[in-house]
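Peer 1: Handing you a structure now.
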Amino acid sequence: MAKDFNVDQEALGKAYDGRLMRRLLKYLKPYRKYVVLAILLHLFTASLGPLRPYLTKIAVDDHIATKDYGGLAEIVALIFGALFLQAIIQYVLMYLTQWIGQKTILDLRKEIFAHVQRLAASFFDKTPVGRLVTRTTNDVEALNQMFGAGVVTAFSDVFIVGWILAFMFYTDVELSFVTLAALPLLVYGTFVFKKKAREAYRDVRLHLARLNAYMQEHVAGAAIVQLFGKERREAKRYANINADHRQANYDSILYHAVFFPFVELVSALALALIVWHGGGLAKNDVLTLGVLFAFIQYVEMFFRPIRDLAEKYNIMQTAMASSERVFKLLDDETVVRNPERSAAIERARGEVEFQHVSLSYLKDGKHALRDFSLKIAPGETVALVGHTGAGKSTVINVLLRFYDHDEGRIFIDGTDAAALDERELRRHIGVAPQDVSLFQGTIRSNITMNNPDISEERMIEAAKATGAHEFIERLPNGYDETVAERGATLSVGQKQLISFARALAHDPEIIALDEATSSVDAETEGKAQAAVEKLLEGRTSIVVAHRLSTIQSADRIVVMHKGRVREIGSHQELLAQKGIYHRLYRLQYKDQAIDAS
Amino acid sequence: MQNLRALKPYFKRYRGTLLAGVVYILLSNGFTVYMPLAIRDAFNELQTEITDEAILRYALIIVGAAALGGFFRYHIRQTIIRVSRKIEYDLRQDLWEHIQRLPLRFFNVNSVGDIMARCTNDVSAVRMFVGPAVMYSLDTLARLAIVVAIMISIDAAVTLYALLPLPILSYAVYAVGRRMHKRYTAVQDKFSELSTKAQENYAGMKTVKSYLAEDREIDEFSRLGEEYLRKNMRLARIQALFFPFLLLTSGVSIVVVVWAGGANVISGDLMIGDLTALTVYVGLLVWPVIALGWVVHIVQQGEAGMKRILRVFNEPIAIADDEKVDPTLTPTRGEIEFRDVTFKHSENAPPTLKNLSLAIPAGSTVAIMGKTGAGKSTLLDLIPRFAEPNEGAVLIDGRDVREYPLRALRGAVGFARQEAFLFSANVETNVAYALDEPDRERVERAAEIAQFAPDVADMTDGYRTMIGERGVTLSGGQKQRAAIARALLVDPLILLLDDSFSAVDTGTEEEILKGLRRFMKDRTSVIVCHRVSTAKEADFVVVIEDGKVAERGTHDELIARDGWYAEINRRQTLEKEIEELD
């Protein structure tokens with residue numbers, strides 16, 4: 001949350017970077033037909049606005065002046081028609097522009113998401129999830145405006161100004177020059193205002209960010225403020241920030257207060273020039289009143305496209321900053337090692353062998369796993385036990401190649417795992433992690449993980465076998481019950497059961513289970529125990545075990561300590577050794593033995 | 001408008017300025033509407049007879065009217081909009097000062113985001129009402145009245161025709177604005193769904209990879225992305241209506257003037273100049289009419305924002321000095337007694353503390369132990385009145401804590417809470433938080449006892465080192481020691497440490513406890529801890545279980561009793577043994 005208020009994000013860079021721009025424009029390529037269509041439509045429709053004053057000139061000079069009722073009606077019909085056509089095309093264009101923008105950012109968003117799917121677990125260790133989400137959502141969103149409004153409508157603004165000038169000069173060259181005398185003032189004023197307003201706005205946002213940061217911190221620290229009785233002092237500090245925010249807004253008010261009258265004044269100046277110079281010409285019958293009438297309307301038309309063009313600077317600046325961050329993510333290639341061509345195992349017997357495997361998570365850091373060797377026979381259940389930080393979970397991490405190990409080799413059915421693609425490797429291994437990840441969707445989609453190969457029967461069978469079926473059936477919508485964000489409505493035990501059902505439904509040859517440490521209530525505990533038994537049945541299993549029952553039913557217990565294997569044996573053998581296991585047993589498992597009895 | 005009425009005292013404060021603003025609105029419009037009249041006269045006279053001087057005069061009138069109108073328009077913003085920023089400031093300040101005094105429960109119940117939204121978004125929505133809505137509605141009324149009057153004086157029938165489309169425009173802006181708001185909310189909902197999808201996927205990446213679900217997740221994400229696109233296009237369908245509609249309505253008004261007015265010119269009832277003036281006037285009305293529709297929307301938003309703000313204002317400051325307080329009273333000895341205390345976090349919650357009674361003699365050090373959720377932190381919170389018992393009483397030096405002025409009570413207590421919260425400020429400011437002017441000597445002394453001084457010595461800027469997001473990130477243990485130092489700095493009569501050693505290694509902890517024994521001599525310390533090694537140092541140990549005192553005595557007594565404490569002692573000894581293995 002705090003990151004959102006990061007003041008650094010406010011520091012915007014340049015508005016144009018050729019390298020970034022070229023890369024961004026590639027995303028418009030699939031829609032170039034529509035982009036061209038939009039630009040052509042803009043070119044055409046931009047003429048319709050300036051056409052109207054020209055038509056009113058004809059109405060005044062050719063029909064009103066000559067008392068031609070019929071002709072006036074015709075011209076009015078024409079103006080009305082032009083207005084209507086312009087309105088329709090404008091509607092179509094706004095829709096089209098938005099569509100192009102949305103389509104492009106959808107493509108970009110998909111690309112980012114797909115890219116992140118390929119990245120290795122170590123990437124997620126160094127990048128906070130929140131930042132990745134921001135790249136995928138907000139940063140891409142900021143590009144929408146650039147793709148739509150930025151690229152396409154910039155043409156429109158230029159076209160409109162062009163058409164106005166064309167009509168004006170076509171109507172009367174001399175008066176055009178006179179009228180345009182005021183234009184540089186308008187352009188200059190607008191750009192100065194936009195720059196000032198942009199700075200003021202940034203200032204306002206900066207102070208708003210400070211206000212937010214202060215509040216966030218002092219909501220969290222409310223107890224400290226009250227404990228030390230510093231309410232009054234803190235109120236004063238808040239007042240300072242609050243006042244800075246107000247001052248920044250005063251600046252912004254000032255610019256607006258000056259700018260709007262300024263625009264009015266400039267157009268009044270142009271009007272005065274038309275009346276003064278044009279009036280003189282009209283007096284001598286060089287010019288008709290209709291021309292003056294038309295020019296008065298042209299003056300009003302200049303303002304919008306010029307203001308819009310000034311606005312584009314903002315859009316570009318934001319787009320450059322966002323795209324730089326997005327491209328940096330897309331260029332990150334933190335992936336695990338994969339062979340160029342993967343070997344394949346059709347159906348594994350389930351023999352797993354670790355040979356002298358070592359891993360440290362950080363370069364030159366402490367070894368999480370040190371010279372770890374273990375051979376597991378097909379169908380065998382091995383319980384990994386040890387104190388916190390012994391390296392138990394790391395064994396699972398390297399087996400699944402979430403991390404590349406530094407030394408040693410791992411074999412599956414005698415095949416070097418390094419010869420297998422990460423996906424081919426994982427195809428044979430089912431995982432039930434300690435912290436269950438649930439995803440938006442239904443209970444069904446959470447068990448099947450949307451795998452179309454898992455039939456309805458197989459899913460229900462898995463849920464029944466793991467005891468999840470019972471509570472799922474009691475839900476109002478059964479398997480179609482929506483899972484709330486991060487499974488908030490489900491209990492810890494229920495989430496565990498879903499996770500077990502998920503693993504079982506995928507029917508893997510090898511299972512890696514990281515048991516939850518916190519034991520829940522006795523009832524759920526019993527269910528989980530039964531589910532684990534079901535899950536491990538007939539499969540090669542590596543279990544990071546915390547439950548005495550799981551440990552005792554394992555074929556072998558492997559005791560790990562500081563990344564190494566220290567003791568191997570059955571429960572009784574290990575107890576008799578009076579080594580680490582004996583102590584662990586007294587510390588962690590003994591109570592369970594007492595509770596169970 | 002019911003809730004917005006609460007703003008009355010705020011408006012009152014700036015009555016004079018607002019009144020001036022209204023005068024400026026009238027003046028500004030008076031000058032602005034004069035300009036088309038000059039154009040009319042110029043054109044009309046051009047048709048008949050005119051001198052060059054007259055033409056110049058009209059040109060100057062146009063510029064002059066715009067300049068004067070603009071001058072007052074400048075002042076409209078400088079008064080009304082400025083006042084809106086002042087009221088925004090006042091309201092936000094009042095709101096925050098109120099929030100700051102609310103009981104801690106309020107901060108537990110409401111999310112940080114919600115509290116901030118009240119002070120920013122909602123105050124902003126109210127500000128939009130106070131400023132732009134007030135300005136635009138007054139401006140529109142003034143302009144409508146003057147312009148329509150002038151237009152009628154030129155040609156009543158044409159005026160009627162020209163104005164007919166404008167109410168439609170006003171309503172359309174309002175209606176489209178409303179619907180847009182709805183569709184926009186739908187877009188935002190989809191957006192947050194998309195964010196959640198990304199968030200869950202990235203956070204659950206290992207599960208996704210294990211089940212080879214990457215491609216299916218991409219499909220799912222694409223589906224959501226496409227839905228988001230559809231929602232956006234649904235919004236675009238109505239949003240894109242906005243400008244064409246604007247163009248059409250205002251354009252039609254002008255076309256009508258040209259047609260009906262043109263016909264009148266032909267019949268000789270009007271002159272070209274009148275026609276020109278009428279079209280310019282219609283142009284002057286378009287924006288105010290649009291603003292009117294917009295204003296209705298702002299008022300609705302402001303009303304909703306104010307309602308939420310008032311809800312916070314209506315939260316009572318539950319813990320404050322009342323009539324029972326003796327303003328001269330200050331704790332002096334530091335004896336603490338809990339007498340039959342029952343505490344519930346909320347009305348329907350099961351009690352956290354049940355009829356708990358416990359006496360802590362002045363000058364003693366007591367260790368509080370127990371499982372998570374046993375009620376240890378609550379027990380400490382009751383002493384400086386961060387929470388108040390539902391039944392029973394907490395006494396200090398034999399008097400109910402409610403009899404002491406809050407400042408005197410809290411001033412006597414040094415409290416390092418569990419979360420060890422530090423502000424994003426430098427080390428000195430944090431440790432000396434209790435002082436208005438940091439005192440380096442006292443800061444150093446406190447930091448030394450808390451064993452925080454060696455850490456500070458290693459920092460690049462020493463006591464001036466910034467902590468937090470824009471500075472160095474402290475380890476959990478450093479934070480805890482800084483929080484202990486902060487609590488010690490006030491030379492407290494009563495020191496409360498809530499789980500302040502959990503991230504501190506045992507060696508350092510021993511040093512701190514040794515220092516404390518000297519420093520807190522003759523004063524009272526209550527230490528919530530998890531390690532027996534800590535508890536050993538106390539005069540006596542209290543074990544809390546299910547909101548009651550389960551065991552009480554010295555370390556040796558409790559070991560002999562062979563209860564929960566003794567069991568914890570055995571476990572911790574074993575754990576230590578395992579850790580010390582190679």
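A note on labels: chains of the structure tokens are A, B, ... as shown, every chain counts residues from 1, and ligands are counted from 1 in their shown order.
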Neighbours of A:Ile454 within 8 Å (only C-alpha atoms; same-chain residues fewer than 3 positions away dropped), as a PyMOL selection string?
Peer 2: chain A and resi 448+451+458-459+505-506
Peer 1: I'd like the contact shell of B:Ser137 - 10 Å cut-off, only C-alpha atoms, skipping same-chain residues fewer than 4 positions apart - returned as number ranges by chain.
Peer 2: B: 132-133, 141-143, 288-289, 291-296
Peer 1: I need the residues from that last selection saved to file as a short mmCIF file (atom, residue, chain, number, x, y, z; two decimals), in the first residue's frame (with N, CA and C atoms), if you can.
Peer 2:
data_model
loop_
_atom_site.label_atom_id
_atom_site.label_comp_id
_atom_site.auth_asym_id
_atom_site.auth_seq_id
_atom_site.Cartn_x
_atom_site.Cartn_y
_atom_site.Cartn_z
N PRO B 132 -16.88 24.31 -6.90
CA PRO B 132 -17.42 24.33 -8.26
C PRO B 132 -18.95 24.30 -8.32
N ALA B 133 -19.59 23.47 -7.52
CA ALA B 133 -21.04 23.36 -7.62
C ALA B 133 -21.70 24.69 -7.27
N LEU B 141 -27.23 30.68 -13.04
CA LEU B 141 -28.46 31.41 -12.77
C LEU B 141 -28.33 32.87 -13.21
N ALA B 142 -27.22 33.49 -12.81
CA ALA B 142 -27.01 34.90 -13.15
C ALA B 142 -26.99 35.07 -14.66
N ARG B 143 -26.22 34.22 -15.32
CA ARG B 143 -26.07 34.37 -16.76
C ARG B 143 -27.39 34.11 -17.49
N PRO B 288 -22.74 27.07 -19.36
CA PRO B 288 -23.46 27.09 -18.08
C PRO B 288 -24.56 26.04 -18.00
N VAL B 289 -25.22 25.81 -19.12
CA VAL B 289 -26.30 24.82 -19.11
C VAL B 289 -25.74 23.41 -18.90
N ALA B 291 -22.99 22.84 -17.29
CA ALA B 291 -22.55 22.84 -15.90
C ALA B 291 -23.69 22.51 -14.96
N LEU B 292 -24.88 22.99 -15.31
CA LEU B 292 -26.03 22.75 -14.45
C LEU B 292 -26.28 21.25 -14.26
N GLY B 293 -26.22 20.52 -15.35
CA GLY B 293 -26.42 19.08 -15.27
C GLY B 293 -25.34 18.42 -14.43
N TRP B 294 -24.15 18.94 -14.59
CA TRP B 294 -23.00 18.41 -13.88
C TRP B 294 -23.13 18.68 -12.38
N VAL B 295 -23.64 19.88 -12.07
CA VAL B 295 -23.78 20.30 -10.67
C VAL B 295 -24.65 19.32 -9.88
N VAL B 296 -25.74 18.89 -10.50
CA VAL B 296 -26.64 17.95 -9.82
C VAL B 296 -25.86 16.71 -9.40
#
Peer 1: For B:Cys529, work out the shell of residues within 10 Å, counting only C-alpha atoms and skipping chain neighbours fewer than 6 positions away, then give it as a VMD selection string.
Peer 2: chain B and resid 367 to 370 376 497 to 502 535
Peer 1: Which residues are close to A:Gly386, i.e. within 12 Å by only C-alpha atoms, leaving aside same-chain residues fewer than 3 positions away? Reply as an MDAnalysis selection string.
Peer 2: (chainID A and resid 383 389:393 543:546 551 557:568 579:585 587:589) or (chainID B and resid 575 578:579 581)
Peer 1: Now that the selection is made, can you save its residues with N, CA and C atoms as a CSV table (one decimal), in the first residue's frame?
Peer 2:
chain,number,residue,atom,x,y,z
A,383,ALA,N,9.3,-39.6,5.2
A,383,ALA,CA,9.0,-38.4,6.0
A,383,ALA,C,10.2,-37.6,6.3
A,389,GLY,N,14.1,-24.5,9.5
A,389,GLY,CA,15.4,-24.1,8.8
A,389,GLY,C,16.3,-25.3,8.5
A,390,ALA,N,15.8,-26.5,8.7
A,390,ALA,CA,16.6,-27.7,8.4
A,390,ALA,C,16.8,-28.0,6.9
A,391,GLY,N,15.9,-27.4,6.1
A,391,GLY,CA,16.1,-27.6,4.7
A,391,GLY,C,15.0,-28.5,4.1
A,392,LYS,N,14.0,-28.8,4.9
A,392,LYS,CA,13.0,-29.8,4.4
A,392,LYS,C,12.2,-29.3,3.2
A,393,SER,N,11.7,-28.0,3.2
A,393,SER,CA,11.0,-27.5,2.1
A,393,SER,C,11.9,-27.3,0.9
A,543,VAL,N,7.3,-36.4,2.2
A,543,VAL,CA,6.4,-35.6,3.1
A,543,VAL,C,7.2,-34.8,4.1
A,544,VAL,N,7.1,-33.5,4.1
A,544,VAL,CA,7.6,-32.7,5.1
A,544,VAL,C,6.6,-32.8,6.2
A,545,ALA,N,7.0,-33.6,7.3
A,545,ALA,CA,5.9,-34.0,8.2
A,545,ALA,C,6.0,-33.3,9.5
A,546,HIS,N,4.8,-33.0,10.0
A,546,HIS,CA,4.7,-32.4,11.3
A,546,HIS,C,3.8,-33.2,12.2
A,551,ILE,N,4.3,-39.3,10.4
A,551,ILE,CA,5.7,-39.8,10.5
A,551,ILE,C,5.8,-41.3,10.8
A,557,ILE,N,12.0,-42.5,8.0
A,557,ILE,CA,12.1,-41.1,8.4
A,557,ILE,C,13.4,-40.6,8.2
A,558,VAL,N,13.5,-39.4,7.5
A,558,VAL,CA,14.8,-38.8,7.3
A,558,VAL,C,14.9,-37.6,8.1
A,559,VAL,N,15.9,-37.6,9.0
A,559,VAL,CA,16.0,-36.4,9.9
A,559,VAL,C,17.0,-35.5,9.3
A,560,MET,N,16.6,-34.2,9.1
A,560,MET,CA,17.5,-33.2,8.5
A,560,MET,C,17.9,-32.2,9.6
A,561,HIS,N,19.1,-31.7,9.4
A,561,HIS,CA,19.6,-30.7,10.3
A,561,HIS,C,20.5,-29.8,9.6
A,562,LYS,N,20.2,-28.5,9.5
A,562,LYS,CA,21.1,-27.5,8.8
A,562,LYS,C,21.5,-27.9,7.4
A,563,GLY,N,20.5,-28.4,6.7
A,563,GLY,CA,20.7,-28.7,5.2
A,563,GLY,C,21.2,-30.1,4.9
A,564,ARG,N,21.5,-30.9,6.0
A,564,ARG,CA,22.1,-32.2,5.7
A,564,ARG,C,21.1,-33.3,6.3
A,565,VAL,N,21.4,-34.5,5.7
A,565,VAL,CA,20.7,-35.7,6.3
A,565,VAL,C,21.5,-36.1,7.5
A,566,ARG,N,20.8,-36.2,8.6
A,566,ARG,CA,21.6,-36.6,9.8
A,566,ARG,C,21.2,-38.0,10.3
A,567,GLU,N,19.9,-38.4,10.2
A,567,GLU,CA,19.5,-39.7,10.7
A,567,GLU,C,18.5,-40.3,9.8
A,568,ILE,N,18.6,-41.6,9.5
A,568,ILE,CA,17.5,-42.2,8.7
A,568,ILE,C,17.1,-43.5,9.4
A,579,GLY,N,19.1,-39.5,19.3
A,579,GLY,CA,19.8,-38.3,18.6
A,579,GLY,C,18.9,-37.2,18.5
A,580,ILE,N,19.0,-36.6,17.3
A,580,ILE,CA,18.1,-35.4,17.0
A,580,ILE,C,16.6,-35.8,17.1
A,581,TYR,N,16.3,-36.9,16.4
A,581,TYR,CA,14.9,-37.3,16.4
A,581,TYR,C,14.3,-37.4,17.7
A,582,HIS,N,15.1,-38.0,18.6
A,582,HIS,CA,14.6,-38.2,20.0
A,582,HIS,C,14.2,-36.9,20.6
A,583,ARG,N,15.0,-35.9,20.4
A,583,ARG,CA,14.8,-34.6,21.0
A,583,ARG,C,13.5,-33.9,20.3
A,584,LEU,N,13.5,-34.0,18.9
A,584,LEU,CA,12.4,-33.5,18.2
A,584,LEU,C,11.1,-34.1,18.6
A,585,TYR,N,11.2,-35.4,18.9
A,585,TYR,CA,10.0,-36.1,19.3
A,585,TYR,C,9.5,-35.6,20.6
A,587,LEU,N,10.1,-32.7,21.8
A,587,LEU,CA,9.7,-31.3,21.7
A,587,LEU,C,8.3,-31.1,20.9
A,588,GLN,N,8.2,-31.8,19.9
A,588,GLN,CA,7.0,-31.5,19.0
A,588,GLN,C,6.0,-32.6,18.9
A,589,TYR,N,6.4,-33.9,19.0
A,589,TYR,CA,5.4,-34.9,18.6
A,589,TYR,C,4.8,-35.6,19.8
B,575,GLU,N,14.7,-27.3,22.8
B,575,GLU,CA,14.9,-26.5,21.6
B,575,GLU,C,16.3,-26.0,21.5
B,578,ILE,N,18.7,-28.6,20.6
B,578,ILE,CA,18.7,-29.0,19.1
B,578,ILE,C,19.4,-27.9,18.3
B,579,GLU,N,19.1,-26.6,18.7
B,579,GLU,CA,19.7,-25.5,17.9
B,579,GLU,C,21.3,-25.6,18.1
B,581,LEU,N,23.1,-28.1,18.3
B,581,LEU,CA,23.7,-29.2,17.6
B,581,LEU,C,24.4,-28.8,16.3
Peer 1: Between A:Ile510, A:Val152, A:Met146, A:Leu180, which has the minimum distance to chain B (counting only C-alpha atoms)?
Peer 2: A:Ile510
Peer 1: Please provide as JSON, numbers by chain all residues within 6 Å of stretch 339-348 of chain B, with the sequence filter that same-chain residues fewer than 6 positions apart are discarded (counting only C-alpha atoms).
Peer 2: {"B": [354, 355, 356, 357, 389, 390, 391, 392, 393]}
